[in-house]
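Chemist: Following this message is one structure expressed as structure tokens.
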Amino acid sequence: MNKEINKWQVRTDLAYDVACEYAHEQIKGLLEETNIINGIKVVKNTIDEEASSKINKSPGIYYMIDLDKINYHDQLTGEKIEKTLSEVMRKLLEKYNLIGKKCLIVGLGNENVTPDAIGPYVVDNIVVTRHLEIMKQLHDGYSIVSALSPGVMGTTGIETYDVKEAVRNKIDVDYIIVVDALASSSISRVNRTIQITDSGIAPGSGVGNKRKEISYKTMNIPVFAIGIPTVVDAVSIVSDTLKYSLKYLDNQVKKEHVELEEKNINETFFGKIGKLEEEEQRNFFTEVLTPNGYNLMVTSKDIDLEVEDLSKIVAWGINKALHDSINANI
């Protein structure tokens with residue numbers, strides 16, 4: 001197998017995925033903390049400069065709201081998730097002393113491509129107030145909020161970073177919240193995770209279409225990014241399917257009390273492929289699929305409903321974090 005030509009690389013925007021990949025190495029400066037907020041699991045990954053250079057992930061704080069096995073289509077459950085997102089967002093705003101300051105919310109993505117429409121859909125549900133402040137009609141308990149969905153370079157011909165920079169300079173904001181669809185390296189995370197970070201974002205990095213970074217480093221004001229993984233690559237799907245299949249077969253063998261050494265179970269059912277370590281398996285599948293153009297980015301069959309409901313949850317989580325009066329009226 002020629003690993004140099006088609007070596008598998010983690011195609012993910014989630015810090016949690018990357019932290020899992022390097023968990024066995026116990027990298028200094030890569031910290032993880034798990035909490036339960038409103039009955040929902042929230043994992044906080046902190047990456048410092050030293051760890052960042054080793055795992056190739058921007059330094060910062062990353063919160064992962066775990067929606068696995070949670071029916072977020074249920075209204076009451078959705079409201080719990082909104083509240084959790086709001087509380088996490090408030091923690092970050094308080095850290096940077098930004099409560100009540102002027103905010104620009106940017107929804108990245110293409111609204112005509114459903115898996116990439118998270119950003120524009122969120123913007124559609126944001127409570128914007130800057131126009132009211134200009135007219136001197138903004139009530140107490142509401143922050144000054146603007147929202148923008150700049151489209152994608154393929155349809156506008158303009159780099160989205162340049163649009164955001166021009167708008168920021170024109171309307172004078174204190175910080176930016178960017179919302180985007182993400183990629184994950186695990187099928188279990190697709191439409192089942194909300195990531196919130198203070199590190200900004202490099203749009204398209206998870207799918208190999210990296211655009212200009214949007215962060216404090218490039219915008220000179222704090223940039224927070226909220227994202228939901230809506231796609232996963234074919235190599236990850238095949239690899240995860242093999243992994244889950246082996247777990248299933250292992251359980252069946254134990255239930256039936258078959259006399260088979262555990263170390264030989266993988267090889268017995270899947271031959272030489274079963275003997276490979278997980279990274280070696282992914283390298284193998286990459287070498288098989290990539291030259292033929294089959295390492296596709298894949299989404300779920302219910303993506304229309306998933307994106308619609310998740311976008312509303314994210315939007316109202318942001319609204320509750322930015323506007324005290326919205327929380328007071330709930």
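Residue numbering restarts at 1 for every chain of the structure tokens, chains are lettered A, B, ... in their displayed order, and ligands are numbered from 1 as they appear.
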List as a list of chain:residue names the protein and nucleic acid residues near Leu85 of chain A, meaning an atom at most 8 Å away when only C-alpha atoms are counted, but skip any in the same chain fewer than 5 places from it.

Modeler: A:Ile65, A:Val314, A:Gly317, A:Ile318

Chemist: Might you pull out every residue within 10 Å of Arg282 of chain A, with only C-alpha atoms counted and same-chain residues fewer than 2 positions away left off, and present them as a ChimeraX atom specification?

Modeler: /A:7-10,235-240,276-280,284-288

Chemist: Excluding Asp68 of chain A and any residue of its chain fewer than 2 positions from it, enumerate the residues within 7 Å of it, using only C-alpha atoms, and give them as a PyMOL selection string.

Modeler: chain A and resi 66+70+192

Chemist: Can you tell me, as a PyMOL selection string, what residues are no more than 12 Å from segment 54-56 of chain A when counting only C-alpha atoms, ignoring any on the same chain fewer than 3 positions away?

Modeler: chain A and resi 9-23+25-30+47-51+59+205

Chemist: Using only C-alpha atoms, which residues sit within 12 Å of Leu98 of chain A once same-chain residues fewer than 2 positions away are excluded, as a ChimeraX atom specification?

Modeler: /A:89-96,100-103,143-144,173-177,221-224,321-322

Chemist: Enumerate, as a PyMOL selection string, the complete set of residues in segment 141-221 of chain A that a backbone-based DSSP assignment places in strand (DSSP E or B).

Modeler: chain A and resi 145-148+175-184+193-197+201+214

Chemist: Could you save those same residues with N, CA, C and O atoms as an mmCIF file, in the first residue's frame?

Modeler:
```cif
data_model
loop_
_atom_site.group_PDB
_atom_site.id
_atom_site.type_symbol
_atom_site.label_atom_id
_atom_site.label_comp_id
_atom_site.auth_asym_id
_atom_site.auth_seq_id
_atom_site.Cartn_x
_atom_site.Cartn_y
_atom_site.Cartn_z
ATOM 1 N N VAL A 145 -27.616 44.366 17.251
ATOM 2 C CA VAL A 145 -27.252 43.183 16.459
ATOM 3 C C VAL A 145 -27.547 43.419 14.983
ATOM 4 O O VAL A 145 -28.647 43.846 14.617
ATOM 5 N N SER A 146 -26.564 43.111 14.147
ATOM 6 C CA SER A 146 -26.728 43.123 12.692
ATOM 7 C C SER A 146 -26.511 41.695 12.187
ATOM 8 O O SER A 146 -25.853 40.891 12.848
ATOM 9 N N ALA A 147 -27.046 41.381 11.026
ATOM 10 C CA ALA A 147 -26.879 40.040 10.468
ATOM 11 C C ALA A 147 -26.654 40.113 8.966
ATOM 12 O O ALA A 147 -27.187 40.996 8.282
ATOM 13 N N LEU A 148 -25.860 39.177 8.472
ATOM 14 C CA LEU A 148 -25.454 39.190 7.065
ATOM 15 C C LEU A 148 -25.263 37.768 6.574
ATOM 16 O O LEU A 148 -24.696 36.934 7.275
ATOM 17 N N TYR A 175 -17.759 42.700 17.999
ATOM 18 C CA TYR A 175 -17.371 41.301 17.798
ATOM 19 C C TYR A 175 -18.258 40.668 16.730
ATOM 20 O O TYR A 175 -19.291 41.230 16.340
ATOM 21 N N ILE A 176 -17.832 39.518 16.256
ATOM 22 C CA ILE A 176 -18.532 38.820 15.174
ATOM 23 C C ILE A 176 -18.855 37.393 15.616
ATOM 24 O O ILE A 176 -18.030 36.733 16.257
ATOM 25 N N ILE A 177 -20.046 36.936 15.268
ATOM 26 C CA ILE A 177 -20.400 35.525 15.419
ATOM 27 C C ILE A 177 -20.602 34.958 14.022
ATOM 28 O O ILE A 177 -21.443 35.447 13.264
ATOM 29 N N VAL A 178 -19.817 33.949 13.679
ATOM 30 C CA VAL A 178 -19.909 33.313 12.366
ATOM 31 C C VAL A 178 -20.588 31.956 12.527
ATOM 32 O O VAL A 178 -20.239 31.184 13.423
ATOM 33 N N VAL A 179 -21.558 31.669 11.677
ATOM 34 C CA VAL A 179 -22.273 30.386 11.719
ATOM 35 C C VAL A 179 -22.068 29.665 10.397
ATOM 36 O O VAL A 179 -22.233 30.266 9.326
ATOM 37 N N ASP A 180 -21.709 28.381 10.472
ATOM 38 C CA ASP A 180 -21.402 27.658 9.242
ATOM 39 C C ASP A 180 -21.690 26.167 9.416
ATOM 40 O O ASP A 180 -21.723 25.647 10.536
ATOM 41 N N ALA A 181 -21.879 25.498 8.285
ATOM 42 C CA ALA A 181 -21.943 24.034 8.277
ATOM 43 C C ALA A 181 -20.518 23.499 8.324
ATOM 44 O O ALA A 181 -19.604 24.099 7.754
ATOM 45 N N LEU A 182 -20.329 22.376 8.996
ATOM 46 C CA LEU A 182 -19.002 21.812 9.181
ATOM 47 C C LEU A 182 -18.923 20.401 8.602
ATOM 48 O O LEU A 182 -19.926 19.837 8.157
ATOM 49 N N ALA A 183 -17.714 19.844 8.638
ATOM 50 C CA ALA A 183 -17.500 18.445 8.281
ATOM 51 C C ALA A 183 -17.015 17.702 9.517
ATOM 52 O O ALA A 183 -16.358 18.276 10.380
ATOM 53 N N SER A 184 -17.354 16.421 9.612
ATOM 54 C CA SER A 184 -16.893 15.592 10.719
ATOM 55 C C SER A 184 -16.197 14.359 10.163
ATOM 56 O O SER A 184 -16.409 13.977 9.008
ATOM 57 N N THR A 193 -24.184 17.377 16.630
ATOM 58 C CA THR A 193 -23.193 18.147 17.375
ATOM 59 C C THR A 193 -23.326 19.627 17.049
ATOM 60 O O THR A 193 -23.564 19.986 15.895
ATOM 61 N N ILE A 194 -23.173 20.457 18.073
ATOM 62 C CA ILE A 194 -23.041 21.900 17.853
ATOM 63 C C ILE A 194 -21.704 22.320 18.469
ATOM 64 O O ILE A 194 -21.459 22.057 19.641
ATOM 65 N N GLN A 195 -20.847 22.913 17.666
ATOM 66 C CA GLN A 195 -19.560 23.386 18.172
ATOM 67 C C GLN A 195 -19.577 24.904 18.300
ATOM 68 O O GLN A 195 -20.035 25.613 17.402
ATOM 69 N N ILE A 196 -19.071 25.390 19.433
ATOM 70 C CA ILE A 196 -18.954 26.830 19.684
ATOM 71 C C ILE A 196 -17.523 27.114 20.089
ATOM 72 O O ILE A 196 -16.992 26.463 20.988
ATOM 73 N N THR A 197 -16.884 28.066 19.447
ATOM 74 C CA THR A 197 -15.477 28.333 19.731
ATOM 75 C C THR A 197 -15.156 29.815 19.640
ATOM 76 O O THR A 197 -15.858 30.574 18.958
ATOM 77 N N ILE A 201 -12.856 30.847 12.446
ATOM 78 C CA ILE A 201 -13.145 29.758 11.520
ATOM 79 C C ILE A 201 -12.354 29.918 10.229
ATOM 80 O O ILE A 201 -12.060 31.040 9.797
ATOM 81 N N ILE A 214 -11.257 33.604 9.241
ATOM 82 C CA ILE A 214 -11.996 34.690 9.885
ATOM 83 C C ILE A 214 -11.797 34.537 11.383
ATOM 84 O O ILE A 214 -12.373 33.644 12.009
#
```

Chemist: Distance atom CA of Leu289 of chain A-atom CA of Met153 of chain A, one decimal place?

Modeler: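 Atom CA of Met153 of chain A lies 28.2 Å from atom CA of Leu289 of chain A.
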
Chemist: Would you mind telling me which residue in A:Ile158, A:Val43, A:Ile273, A:Leu104 lies nearest to Ile126 of chain A when using only C-alpha atoms?

Modeler: A:Leu104

Chemist: List the spatial neighbours of Lys83 of chain A as a list of chain:residue names - criterion: any atom at most 12 Å away, only C-alpha atoms, same-chain residues fewer than 4 positions off excluded.

Modeler: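 Contacts, in chain order: A:Ile37, A:Asn38, A:Gly39, A:Ile40, A:Ile65, A:Leu76, A:Thr77, A:Gly78, A:Glu79, A:Glu87, A:Val88, A:Met89, A:Arg90, A:Ile313, A:Val314, A:Ala315, A:Trp316, A:Gly317, A:Ile318, A:Asn319, A:Lys320, A:Ala321, A:Ile326, A:Asn327, A:Ile330.
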
Chemist: Could you check the closest approach to Tyr121 of chain A for each of A:Ser311, A:Thr156, A:Asn35, A:Asn251 and tell me which residue wins, using only C-alpha atoms?

Modeler: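 So, comparing all the options, the nearest one is A:Ser311.
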
Chemist: Between atom CA of Pro150 of chain A and atom CA of Asp116 of chain A, what is the distance in Å, rounded to a tenth?

Modeler: 13.1 Å

Chemist: Closest to Tyr161 of chain A among A:Met219, A:Ile228, A:Leu296, A:Leu246, using only C-alpha atoms?

Modeler: A:Met219

Chemist: Write down as an MDAnalysis selection string the residues belonging to segment 33-271 of chain A that are assigned alpha helix (DSSP H) by DSSP computed on the backbone.

Modeler: chainID A and resid 49:55 75:95 118:124 130:134 153:156 160:171 216:219 234:255 262:271

Chemist: For a quick check of understanding, using only C-alpha atoms, which of A:Val231, A:Met135, A:Leu242, A:Met297 has the smallest distance to Ile118 of chain A?

Modeler: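 Nearest to Ile118 of chain A: A:Val231.
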